[in-house]
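Remarks on the structure that follows.
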Amino acid sequence: MARPEKIRLGDLLVTQKLISNDQLNFALDQQKRTGRKLGRVLVDNAFVTEEQISEALARQLSIPYINLKFYNINLDIVRRMPENQARRFRAIALEERNGALLVGMTDPTDLASFDEISRLLKRDIDLAVVTEGQLLEVIDRVYRRTEEITGLAKELSEDLGDTVIDFGLVTEAPGSEDAPVVKLLQSVFDDAVQVRASDIHIEPQEASLKIRFRIDGALHLQTEADHKIATALVLRLKLMAGLDISEKRLPQDGRFNIRVKNQPVDVRISSMPTQHGESVVMRLLAQSGGFLALDKLGMPSAMLKRFREIIRSSSGMVLVTGPTGSGKTSTLYAALGEINTVDQKIITVEDPVEYRLPGINQVQVNEKIDLSFSRVLRAALRQDPDVILVGEMRDSETAQIGLRAAMTGHLVMSTLHTRDTAGTLFRLVDMGVPKYMVASSVQVVLAQRLIRRVCESCAEKYVPTPQESEWLEHAGVDRQHWASFRRGRGCSSCNGTGYRGRTGVYEMLEMNQTLVDAASHHDATHFMKAAREYMKGHTLLEQAVLRLVEGATTVSEVMSLSEQKED
């Protein structure tokens with residue numbers, strides 16, 4: 001391909017009627033004052049989108065615009081360009097085409113970068129336009145740290161030899177940031193954040209050390225290393241979290257903050273003694289990403305509308321239920337984010353505090369100093385709150401205080417571990433809360449699960465297996481919908497899993513007069529019958545089947561949700 005021509009972006013966008021002259025002049029003025037690129041200024045001011053800029057450039061240069069979201073990346077070809085060059089030139093090698101290499105660039109009119117890329121790849125180059133946001137996402141995903149982590153683990157193992165070293169002293173020594181253990185951990189954190197891992201598991205086995213990541217709810221092996229580096233890693237992590245490095249016989253919990261790609265990440269750490277050493281699990285909470293808005297969680301629109309109305313009530317209890325890892329806390333944080341206004345006093349009682357919320361009073365429970373949920377909750381009620389979030393209804397005392405607060409003019413939000421909405425009220429009664437209190441205080445119960453989404457980059461239609469077909473028949477899924485089922489083939493975008501990201505599945509039980517009367521009835525089956533009648537057509541399983549028919553998830557994901565419901 002011939003060397004691209006230089007184009008004045010502003011004039012091009014005006015000519016193609018994507019922005020006005022006034023908007024261009026405003027953006028040029030801002031560009032002079034801030035030094036930022038014109039395209040970035042235009043996007044930040046919402047005058048135009050990244051996609052519109054890329055498509056305009058593609059039209060002007062008569063080259064293709066490639067949407068990387070739906071492009072199946074070839075890892076071997078992408079990695080022909082080193083990561084630092086890909087980031088510097090904002091470019092990515094995509095595929096072999098007619099004897100040339102197709103390269104996607106965010107700015108194909110950048111002649112200096114074009115010349116450098118040609119020299120670097122030593123190939124004829126054909127250009128395509130890609131958006132910067134999608135390009136950086138692909139670079140983060142593709143340039144994994146697997147080889148680097150394996151190499152650093154080997155280096156650390158050789159460094160240790162067969163000698164016994166006081167790692168506590170080594171990792172605190174000057175210049176320790178260059179120590180193999182520190183570099184190894186930094187690479188592990190970098191890689192975990194790149195692949196959107198929620199947890200890192202460091203597990204010593206008899207002959208090896210396994211490092212695994214939990215991605216979209218499923219565990220994946222990252223690397224297997226020499227068993228003898230386990231102690232070095234665990235002790236370094238315990239130092240970072242301020243834990244007792246001499247105590248190896250008891251479980252310990254802590255937290256620390258790190259920076260990954262200039263973004264703050266909060267790490268919650270739990271250590272536990274096992275037969276072959278201390279096992280460590282770390283939960284990663286990216287503070288910059290914050291929490292999702294309510295309308296991004298996957299709730300059906302009618303349910304979302306009603307839930308929004310309920311969380312703006314002045315009193316009553318809102319309960320979110322589901323097993324560990326089903327996204328209950330995320331839903332409650334999203335709800336708080338909607339009602340967090342200057343005229344609301346909001347107090348949260350949590351163990352632990354997962355995300356820092358500006359403008360909200362957050363209290364961390366600490367059982368060691370007798371700062372229990374019930375004690376903090378009593379104190380919170382004397383602080384004149386409008387809204388109280390209780391991390392979890394763990395015991396009868398906490399539940400009763402929370403329900404009384406809901407009866408006396410406070411909106412109380414909390415979580416419970418129950419399988420569905422109908423069983424939630426009886427869980428509270430089992431905890432020793434009087435029936436009348438449960439019936440009159442609980443306003444709504446939201447049960448939820450997370451199911452994995454089909455990767456859009458490699459999604460394809462498929463025919464269910466005989467076992468899946470039998471389950472679909474039993475579940476009553478109409479055969480005419482089977483043609484819309486999809487699954488992911490497995491690609492670089494989803495690390496070969498066929499899934500990328502998760503979405504929530506919800507059922508909501510709002511306490512109307514019929515249900516309140518049934519909950520007060522002496523016979524428990526009376527309420528269960530009324531609740532099941534109310535939920536008909538809107539249960540978790542029925543909502544999951546809708547996502548299946550839309551092609552958003554797979555039969556196996558819906559089947560696994562069904563098994564969770566029945567256990």
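Identifiers in the structure tokens: chain A, B, ... in order shown; residue index from 1 per chain; ligand index from 1 in order shown.
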Residue neighbourhood A:Gly409, 7 Å, only C-alpha atoms, exclusion window fewer than 4 positions, as a PyMOL selection string: chain A and resi 314-315+405
Non-local contacts of A:Lys328 (8 Å; only C-alpha atoms; under 4 positions in same chain excluded) as a ChimeraX atom specification: /A:320-322,332,415,448
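Closest to A:Ser208 among A:Ile7, A:Ile311, A:Ala153, A:Leu184 is A:Ala153, based on only C-alpha atoms.
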Residues within 12 Å of A:Leu13, only C-alpha atoms, excluding chain neighbours under 2 positions, as a PDB file with N, CA and C atoms, in the first residue's frame:
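out_14.pdb, freshly written:
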```pdb
ATOM      1  N   ILE A   7      -4.229  14.131   6.663  1.00  0.00           N
ATOM      2  CA  ILE A   7      -5.588  14.696   6.618  1.00  0.00           C
ATOM      3  C   ILE A   7      -5.808  15.566   7.847  1.00  0.00           C
ATOM      4  N   ARG A   8      -6.463  16.713   7.621  1.00  0.00           N
ATOM      5  CA  ARG A   8      -6.858  17.552   8.754  1.00  0.00           C
ATOM      6  C   ARG A   8      -8.185  17.018   9.278  1.00  0.00           C
ATOM      7  N   LEU A   9      -8.130  16.389  10.449  1.00  0.00           N
ATOM      8  CA  LEU A   9      -9.282  15.673  10.996  1.00  0.00           C
ATOM      9  C   LEU A   9     -10.498  16.581  11.163  1.00  0.00           C
ATOM     10  N   GLY A  10     -10.266  17.776  11.718  1.00  0.00           N
ATOM     11  CA  GLY A  10     -11.378  18.695  11.961  1.00  0.00           C
ATOM     12  C   GLY A  10     -12.125  19.039  10.684  1.00  0.00           C
ATOM     13  N   ASP A  11     -11.355  19.384   9.626  1.00  0.00           N
ATOM     14  CA  ASP A  11     -11.976  19.737   8.348  1.00  0.00           C
ATOM     15  C   ASP A  11     -12.747  18.548   7.765  1.00  0.00           C
ATOM     16  N   THR A  15     -16.662  18.504   6.855  1.00  0.00           N
ATOM     17  CA  THR A  15     -17.062  18.196   5.480  1.00  0.00           C
ATOM     18  C   THR A  15     -18.094  17.068   5.453  1.00  0.00           C
ATOM     19  N   GLN A  16     -17.870  16.058   6.311  1.00  0.00           N
ATOM     20  CA  GLN A  16     -18.800  14.921   6.350  1.00  0.00           C
ATOM     21  C   GLN A  16     -20.004  15.198   7.255  1.00  0.00           C
ATOM     22  N   LYS A  17     -20.116  16.461   7.726  1.00  0.00           N
ATOM     23  CA  LYS A  17     -21.270  16.923   8.522  1.00  0.00           C
ATOM     24  C   LYS A  17     -21.462  16.155   9.827  1.00  0.00           C
ATOM     25  N   LEU A  18     -20.340  15.730  10.413  1.00  0.00           N
ATOM     26  CA  LEU A  18     -20.406  15.044  11.706  1.00  0.00           C
ATOM     27  C   LEU A  18     -20.298  16.036  12.863  1.00  0.00           C
ATOM     28  N   ILE A  19     -19.643  17.190  12.599  1.00  0.00           N
ATOM     29  CA  ILE A  19     -19.580  18.269  13.594  1.00  0.00           C
ATOM     30  C   ILE A  19     -19.789  19.600  12.870  1.00  0.00           C
ATOM     31  N   SER A  20     -20.102  20.632  13.660  1.00  0.00           N
ATOM     32  CA  SER A  20     -20.283  21.968  13.061  1.00  0.00           C
ATOM     33  C   SER A  20     -18.972  22.761  13.167  1.00  0.00           C
ATOM     34  N   ASN A  21     -18.884  23.883  12.442  1.00  0.00           N
ATOM     35  CA  ASN A  21     -17.707  24.755  12.533  1.00  0.00           C
ATOM     36  C   ASN A  21     -17.520  25.287  13.951  1.00  0.00           C
ATOM     37  N   GLN A  23     -18.403  23.821  16.761  1.00  0.00           N
ATOM     38  CA  GLN A  23     -17.867  22.731  17.605  1.00  0.00           C
ATOM     39  C   GLN A  23     -16.382  22.526  17.336  1.00  0.00           C
ATOM     40  N   LEU A  24     -15.983  22.614  16.053  1.00  0.00           N
ATOM     41  CA  LEU A  24     -14.570  22.460  15.713  1.00  0.00           C
ATOM     42  C   LEU A  24     -13.743  23.573  16.341  1.00  0.00           C
ATOM     43  N   LEU A  38      -6.949  16.346  19.056  1.00  0.00           N
ATOM     44  CA  LEU A  38      -8.238  16.913  18.672  1.00  0.00           C
ATOM     45  C   LEU A  38      -9.358  15.864  18.750  1.00  0.00           C
ATOM     46  N   GLY A  39      -9.076  14.656  18.261  1.00  0.00           N
ATOM     47  CA  GLY A  39     -10.086  13.597  18.286  1.00  0.00           C
ATOM     48  C   GLY A  39     -10.571  13.310  19.695  1.00  0.00           C
ATOM     49  N   LEU A  42     -12.865  16.088  20.947  1.00  0.00           N
ATOM     50  CA  LEU A  42     -14.191  15.989  20.328  1.00  0.00           C
ATOM     51  C   LEU A  42     -15.032  14.886  20.971  1.00  0.00           C
ATOM     52  N   PHE A  47     -19.201  15.527  21.008  1.00  0.00           N
ATOM     53  CA  PHE A  47     -19.550  16.083  19.707  1.00  0.00           C
ATOM     54  C   PHE A  47     -19.635  14.971  18.656  1.00  0.00           C
ATOM     55  N   VAL A  48     -18.858  13.913  18.902  1.00  0.00           N
ATOM     56  CA  VAL A  48     -18.758  12.817  17.937  1.00  0.00           C
ATOM     57  C   VAL A  48     -18.271  11.582  18.710  1.00  0.00           C
ATOM     58  N   THR A  49     -18.522  10.382  18.194  1.00  0.00           N
ATOM     59  CA  THR A  49     -18.040   9.161  18.864  1.00  0.00           C
ATOM     60  C   THR A  49     -16.749   8.682  18.205  1.00  0.00           C
ATOM     61  N   GLU A  50     -16.030   7.826  18.904  1.00  0.00           N
ATOM     62  CA  GLU A  50     -14.801   7.237  18.340  1.00  0.00           C
ATOM     63  C   GLU A  50     -15.113   6.505  17.041  1.00  0.00           C
ATOM     64  N   GLN A  52     -17.531   7.068  14.911  1.00  0.00           N
ATOM     65  CA  GLN A  52     -17.809   8.009  13.810  1.00  0.00           C
ATOM     66  C   GLN A  52     -16.514   8.578  13.226  1.00  0.00           C
ATOM     67  N   ILE A  53     -15.545   8.895  14.095  1.00  0.00           N
ATOM     68  CA  ILE A  53     -14.249   9.405  13.610  1.00  0.00           C
ATOM     69  C   ILE A  53     -13.561   8.350  12.751  1.00  0.00           C
ATOM     70  N   SER A  54     -13.542   7.094  13.258  1.00  0.00           N
ATOM     71  CA  SER A  54     -12.865   6.010  12.529  1.00  0.00           C
ATOM     72  C   SER A  54     -13.528   5.756  11.180  1.00  0.00           C
ATOM     73  N   GLU A  55     -14.862   5.745  11.169  1.00  0.00           N
ATOM     74  CA  GLU A  55     -15.572   5.492   9.911  1.00  0.00           C
ATOM     75  C   GLU A  55     -15.347   6.638   8.906  1.00  0.00           C
ATOM     76  N   ALA A  56     -15.268   7.877   9.423  1.00  0.00           N
ATOM     77  CA  ALA A  56     -15.016   9.027   8.544  1.00  0.00           C
ATOM     78  C   ALA A  56     -13.626   8.920   7.912  1.00  0.00           C
ATOM     79  N   LEU A  57     -12.620   8.551   8.714  1.00  0.00           N
ATOM     80  CA  LEU A  57     -11.255   8.374   8.185  1.00  0.00           C
ATOM     81  C   LEU A  57     -11.226   7.267   7.143  1.00  0.00           C
ATOM     82  N   ALA A  58     -11.916   6.155   7.446  1.00  0.00           N
ATOM     83  CA  ALA A  58     -11.939   5.015   6.517  1.00  0.00           C
ATOM     84  C   ALA A  58     -12.547   5.420   5.178  1.00  0.00           C
ATOM     85  N   ARG A  59     -13.645   6.190   5.223  1.00  0.00           N
ATOM     86  CA  ARG A  59     -14.284   6.645   3.973  1.00  0.00           C
ATOM     87  C   ARG A  59     -13.347   7.542   3.169  1.00  0.00           C
ATOM     88  N   GLN A  60     -12.683   8.465   3.865  1.00  0.00           N
ATOM     89  CA  GLN A  60     -11.810   9.425   3.179  1.00  0.00           C
ATOM     90  C   GLN A  60     -10.608   8.730   2.549  1.00  0.00           C
TER      91      GLN A  60
END
```
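Pairwise distance (atom CA of A:Gly217, atom CA of A:Thr497) equals 11.8 Å.
Comparing A:Gly423, A:Val363, A:Gln344, A:Lys461 by their smallest distance to A:Asp384, the closest is A:Gln344 (using only C-alpha atoms).
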Please identify all polymer residues within 12 Å of A:Gln400, counting only C-alpha atoms, omitting same-chain residues fewer than 3 positions from it, and present them as a PyMOL selection string. chain A and resi 317+373-374+377-378+393-397+403-407+412+428-429+431-438+441-442
Selection to disk with N, CA, C and O atoms, as an mmCIF file, in the first residue's frame:
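Printed below is out02.cif as written:
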```cif
data_model
loop_
_atom_site.group_PDB
_atom_site.id
_atom_site.type_symbol
_atom_site.label_atom_id
_atom_site.label_comp_id
_atom_site.auth_asym_id
_atom_site.auth_seq_id
_atom_site.Cartn_x
_atom_site.Cartn_y
_atom_site.Cartn_z
ATOM 1 N N MET A 317 -38.095 -2.617 54.116
ATOM 2 C CA MET A 317 -36.852 -3.371 53.926
ATOM 3 C C MET A 317 -36.784 -3.936 52.516
ATOM 4 O O MET A 317 -37.754 -4.499 52.004
ATOM 5 N N PHE A 373 -22.330 -6.409 63.783
ATOM 6 C CA PHE A 373 -23.379 -5.819 62.950
ATOM 7 C C PHE A 373 -24.451 -5.166 63.823
ATOM 8 O O PHE A 373 -24.857 -4.026 63.576
ATOM 9 N N SER A 374 -24.908 -5.907 64.840
ATOM 10 C CA SER A 374 -26.009 -5.389 65.667
ATOM 11 C C SER A 374 -25.592 -4.134 66.430
ATOM 12 O O SER A 374 -26.359 -3.175 66.543
ATOM 13 N N LEU A 377 -25.307 -1.254 63.988
ATOM 14 C CA LEU A 377 -26.642 -0.905 63.516
ATOM 15 C C LEU A 377 -27.394 -0.065 64.547
ATOM 16 O O LEU A 377 -28.056 0.924 64.204
ATOM 17 N N ARG A 378 -27.255 -0.435 65.822
ATOM 18 C CA ARG A 378 -27.895 0.360 66.890
ATOM 19 C C ARG A 378 -27.340 1.790 66.889
ATOM 20 O O ARG A 378 -28.081 2.765 67.000
ATOM 21 N N MET A 393 -27.733 -10.059 56.767
ATOM 22 C CA MET A 393 -28.531 -10.409 57.950
ATOM 23 C C MET A 393 -27.980 -11.725 58.503
ATOM 24 O O MET A 393 -28.410 -12.804 58.111
ATOM 25 N N ARG A 394 -27.009 -11.615 59.429
ATOM 26 C CA ARG A 394 -26.305 -12.819 59.875
ATOM 27 C C ARG A 394 -26.971 -13.501 61.068
ATOM 28 O O ARG A 394 -26.770 -14.678 61.300
ATOM 29 N N ASP A 395 -27.682 -12.736 61.886
ATOM 30 C CA ASP A 395 -28.244 -13.321 63.105
ATOM 31 C C ASP A 395 -29.579 -12.664 63.432
ATOM 32 O O ASP A 395 -29.955 -11.647 62.841
ATOM 33 N N SER A 396 -30.278 -13.267 64.403
ATOM 34 C CA SER A 396 -31.610 -12.800 64.776
ATOM 35 C C SER A 396 -31.599 -11.356 65.272
ATOM 36 O O SER A 396 -32.468 -10.557 64.908
ATOM 37 N N GLU A 397 -30.591 -11.002 66.075
ATOM 38 C CA GLU A 397 -30.538 -9.660 66.650
ATOM 39 C C GLU A 397 -30.413 -8.594 65.553
ATOM 40 O O GLU A 397 -31.149 -7.603 65.541
ATOM 41 N N LEU A 403 -35.321 -4.808 60.861
ATOM 42 C CA LEU A 403 -36.746 -4.795 60.538
ATOM 43 C C LEU A 403 -37.489 -3.730 61.340
ATOM 44 O O LEU A 403 -38.409 -3.086 60.826
ATOM 45 N N ARG A 404 -37.079 -3.523 62.592
ATOM 46 C CA ARG A 404 -37.706 -2.456 63.387
ATOM 47 C C ARG A 404 -37.412 -1.089 62.765
ATOM 48 O O ARG A 404 -38.274 -0.213 62.713
ATOM 49 N N ALA A 405 -36.164 -0.920 62.318
ATOM 50 C CA ALA A 405 -35.789 0.347 61.672
ATOM 51 C C ALA A 405 -36.629 0.576 60.421
ATOM 52 O O ALA A 405 -37.056 1.695 60.131
ATOM 53 N N ALA A 406 -36.898 -0.521 59.672
ATOM 54 C CA ALA A 406 -37.713 -0.422 58.457
ATOM 55 C C ALA A 406 -39.153 -0.034 58.783
ATOM 56 O O ALA A 406 -39.837 0.604 57.977
ATOM 57 N N MET A 407 -39.615 -0.427 59.977
ATOM 58 C CA MET A 407 -40.987 -0.100 60.396
ATOM 59 C C MET A 407 -41.096 1.345 60.886
ATOM 60 O O MET A 407 -42.192 1.902 60.937
ATOM 61 N N VAL A 412 -34.229 0.276 54.695
ATOM 62 C CA VAL A 412 -33.142 -0.635 55.071
ATOM 63 C C VAL A 412 -32.908 -1.619 53.929
ATOM 64 O O VAL A 412 -33.853 -2.233 53.427
ATOM 65 N N LEU A 428 -36.023 -15.692 57.581
ATOM 66 C CA LEU A 428 -36.043 -14.710 58.669
ATOM 67 C C LEU A 428 -36.793 -15.246 59.883
ATOM 68 O O LEU A 428 -36.365 -15.073 61.027
ATOM 69 N N VAL A 429 -37.924 -15.925 59.639
ATOM 70 C CA VAL A 429 -38.697 -16.512 60.747
ATOM 71 C C VAL A 429 -37.870 -17.585 61.442
ATOM 72 O O VAL A 429 -37.847 -17.674 62.679
ATOM 73 N N MET A 431 -34.763 -17.585 61.767
ATOM 74 C CA MET A 431 -33.731 -16.900 62.553
ATOM 75 C C MET A 431 -34.295 -16.350 63.866
ATOM 76 O O MET A 431 -33.562 -15.780 64.669
ATOM 77 N N GLY A 432 -35.612 -16.488 64.066
ATOM 78 C CA GLY A 432 -36.201 -16.051 65.330
ATOM 79 C C GLY A 432 -36.911 -14.714 65.260
ATOM 80 O O GLY A 432 -37.263 -14.140 66.290
ATOM 81 N N VAL A 433 -37.135 -14.193 64.048
ATOM 82 C CA VAL A 433 -37.841 -12.914 63.909
ATOM 83 C C VAL A 433 -39.345 -13.185 63.919
ATOM 84 O O VAL A 433 -39.816 -14.083 63.209
ATOM 85 N N PRO A 434 -40.123 -12.445 64.706
ATOM 86 C CA PRO A 434 -41.579 -12.660 64.735
ATOM 87 C C PRO A 434 -42.205 -12.481 63.355
ATOM 88 O O PRO A 434 -41.817 -11.600 62.592
ATOM 89 N N LYS A 435 -43.227 -13.312 63.057
ATOM 90 C CA LYS A 435 -43.882 -13.281 61.745
ATOM 91 C C LYS A 435 -44.473 -11.913 61.425
ATOM 92 O O LYS A 435 -44.376 -11.427 60.307
ATOM 93 N N TYR A 436 -45.113 -11.284 62.435
ATOM 94 C CA TYR A 436 -45.770 -10.000 62.172
ATOM 95 C C TYR A 436 -44.759 -8.951 61.717
ATOM 96 O O TYR A 436 -45.038 -8.099 60.867
ATOM 97 N N MET A 437 -43.537 -9.035 62.287
ATOM 98 C CA MET A 437 -42.489 -8.064 61.952
ATOM 99 C C MET A 437 -42.012 -8.264 60.514
ATOM 100 O O MET A 437 -41.810 -7.300 59.763
ATOM 101 N N VAL A 438 -41.850 -9.537 60.131
ATOM 102 C CA VAL A 438 -41.423 -9.852 58.767
ATOM 103 C C VAL A 438 -42.489 -9.387 57.769
ATOM 104 O O VAL A 438 -42.197 -8.710 56.776
ATOM 105 N N SER A 441 -42.704 -5.410 57.578
ATOM 106 C CA SER A 441 -41.497 -4.618 57.283
ATOM 107 C C SER A 441 -40.921 -4.861 55.894
ATOM 108 O O SER A 441 -40.443 -3.930 55.241
ATOM 109 N N VAL A 442 -40.913 -6.118 55.444
ATOM 110 C CA VAL A 442 -40.279 -6.437 54.160
ATOM 111 C C VAL A 442 -41.141 -5.883 53.025
ATOM 112 O O VAL A 442 -42.330 -6.169 52.929
#
```
A:Val181 surroundings by only C-alpha atoms, 8 Å radius, close-in-sequence under 3 positions cut, as an MDAnalysis selection string: chainID A and resid 152:153 156 184:185 232:233 236
Residues from last step as file, all heavy atoms, as a compact mmCIF listing (two decimals), in the first residue's frame:
```txt
# COMPACT_ATOMS: atom_id res chain seq x y z
N LEU A 152 9.60 -15.70 35.53
CA LEU A 152 9.91 -15.11 36.84
C LEU A 152 9.81 -16.14 37.95
O LEU A 152 10.60 -16.12 38.91
CB LEU A 152 8.98 -13.93 37.12
CG LEU A 152 9.27 -12.65 36.33
CD1 LEU A 152 8.10 -11.68 36.42
CD2 LEU A 152 10.55 -11.98 36.83
N ALA A 153 8.85 -17.05 37.83
CA ALA A 153 8.71 -18.12 38.84
C ALA A 153 9.94 -19.02 38.82
O ALA A 153 10.46 -19.41 39.87
CB ALA A 153 7.45 -18.93 38.57
N LEU A 156 12.85 -17.09 40.35
CA LEU A 156 12.73 -17.06 41.81
C LEU A 156 13.13 -18.40 42.40
O LEU A 156 13.84 -18.46 43.42
CB LEU A 156 11.29 -16.71 42.21
CG LEU A 156 10.98 -16.70 43.71
CD1 LEU A 156 11.88 -15.72 44.45
CD2 LEU A 156 9.51 -16.35 43.96
N LEU A 184 7.45 -10.99 40.17
CA LEU A 184 6.50 -12.06 39.87
C LEU A 184 5.09 -11.67 40.29
O LEU A 184 4.13 -11.80 39.53
CB LEU A 184 6.93 -13.35 40.59
CG LEU A 184 5.95 -14.53 40.52
CD1 LEU A 184 5.63 -14.89 39.07
CD2 LEU A 184 6.51 -15.74 41.26
N LEU A 185 4.95 -11.14 41.50
CA LEU A 185 3.62 -10.74 41.98
C LEU A 185 3.04 -9.61 41.14
O LEU A 185 1.85 -9.60 40.83
CB LEU A 185 3.68 -10.33 43.46
CG LEU A 185 3.74 -11.49 44.46
CD1 LEU A 185 3.99 -10.98 45.86
CD2 LEU A 185 2.44 -12.29 44.42
N ALA A 232 7.75 -17.85 49.73
CA ALA A 232 8.18 -16.49 49.40
C ALA A 232 7.00 -15.63 48.98
O ALA A 232 6.86 -14.49 49.42
CB ALA A 232 9.23 -16.53 48.28
N LEU A 233 6.14 -16.18 48.15
CA LEU A 233 4.97 -15.43 47.67
C LEU A 233 4.02 -15.10 48.82
O LEU A 233 3.58 -13.96 48.97
CB LEU A 233 4.21 -16.23 46.61
CG LEU A 233 4.85 -16.35 45.23
CD1 LEU A 233 3.93 -17.14 44.30
CD2 LEU A 233 5.13 -15.00 44.62
N ARG A 236 5.46 -12.50 51.26
CA ARG A 236 5.44 -11.16 50.68
C ARG A 236 4.02 -10.56 50.73
O ARG A 236 3.84 -9.40 51.08
CB ARG A 236 5.95 -11.23 49.23
CG ARG A 236 5.89 -9.89 48.51
CD ARG A 236 6.85 -8.87 49.08
NE ARG A 236 6.51 -7.52 48.66
CZ ARG A 236 7.20 -6.45 48.98
NH1 ARG A 236 8.29 -6.56 49.74
NH2 ARG A 236 6.84 -5.26 48.57
```
Would you mind writing down, as a PyMOL selection string, each residue of stretch 367-442 of chain A that DSSP on the backbone assigns to strand (DSSP E or B)? chain A and resi 371+387-390+411-416+442
Now that the selection is made, can you save its residues with C-alpha atoms as a JSON list (two decimals), in the first residue's frame?
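Written output follows (out_28.json):
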```
[["chain", "number", "residue", "atom", "x", "y", "z"],
["A", 371, "LEU", "CA", -17.92, -4.06, 66.79],
["A", 387, "VAL", "CA", -31.13, 4.86, 54.38],
["A", 388, "ILE", "CA", -29.18, 2.02, 56.03],
["A", 389, "LEU", "CA", -27.40, -0.77, 54.19],
["A", 390, "VAL", "CA", -26.58, -3.84, 56.29],
["A", 411, "LEU", "CA", -35.24, 2.42, 54.19],
["A", 412, "VAL", "CA", -33.14, -0.64, 55.07],
["A", 413, "MET", "CA", -31.28, -2.69, 52.46],
["A", 414, "SER", "CA", -29.59, -6.01, 53.15],
["A", 415, "THR", "CA", -28.70, -9.48, 51.80],
["A", 416, "LEU", "CA", -29.59, -13.06, 52.74],
["A", 442, "VAL", "CA", -40.28, -6.44, 54.16]]
```
Grab the atom CA of A:Tyr143 to atom CA of A:Asn262 distance for me, in Å with one decimal place. 17.4 Å
May I ask for the distance between atom CA of A:Phe256 and atom CA of A:Leu357, given in Å to one decimal place? 17.5 Å
Contact check, stretch 277-313 of chain A to stretch 536-548 of chain A, at most 12 Å, counting only C-alpha atoms, closest pairs as a tab-separated table:
```
residue	atom	partner	partner_atom	distance
A:Gly298	CA	A:Arg547	CA	9.7
A:Met299	CA	A:Gln543	CA	9.4
A:Pro300	CA	A:Gln543	CA	8.7
A:Ala302	CA	A:His538	CA	11.3
A:Met303	CA	A:His538	CA	9.9
```
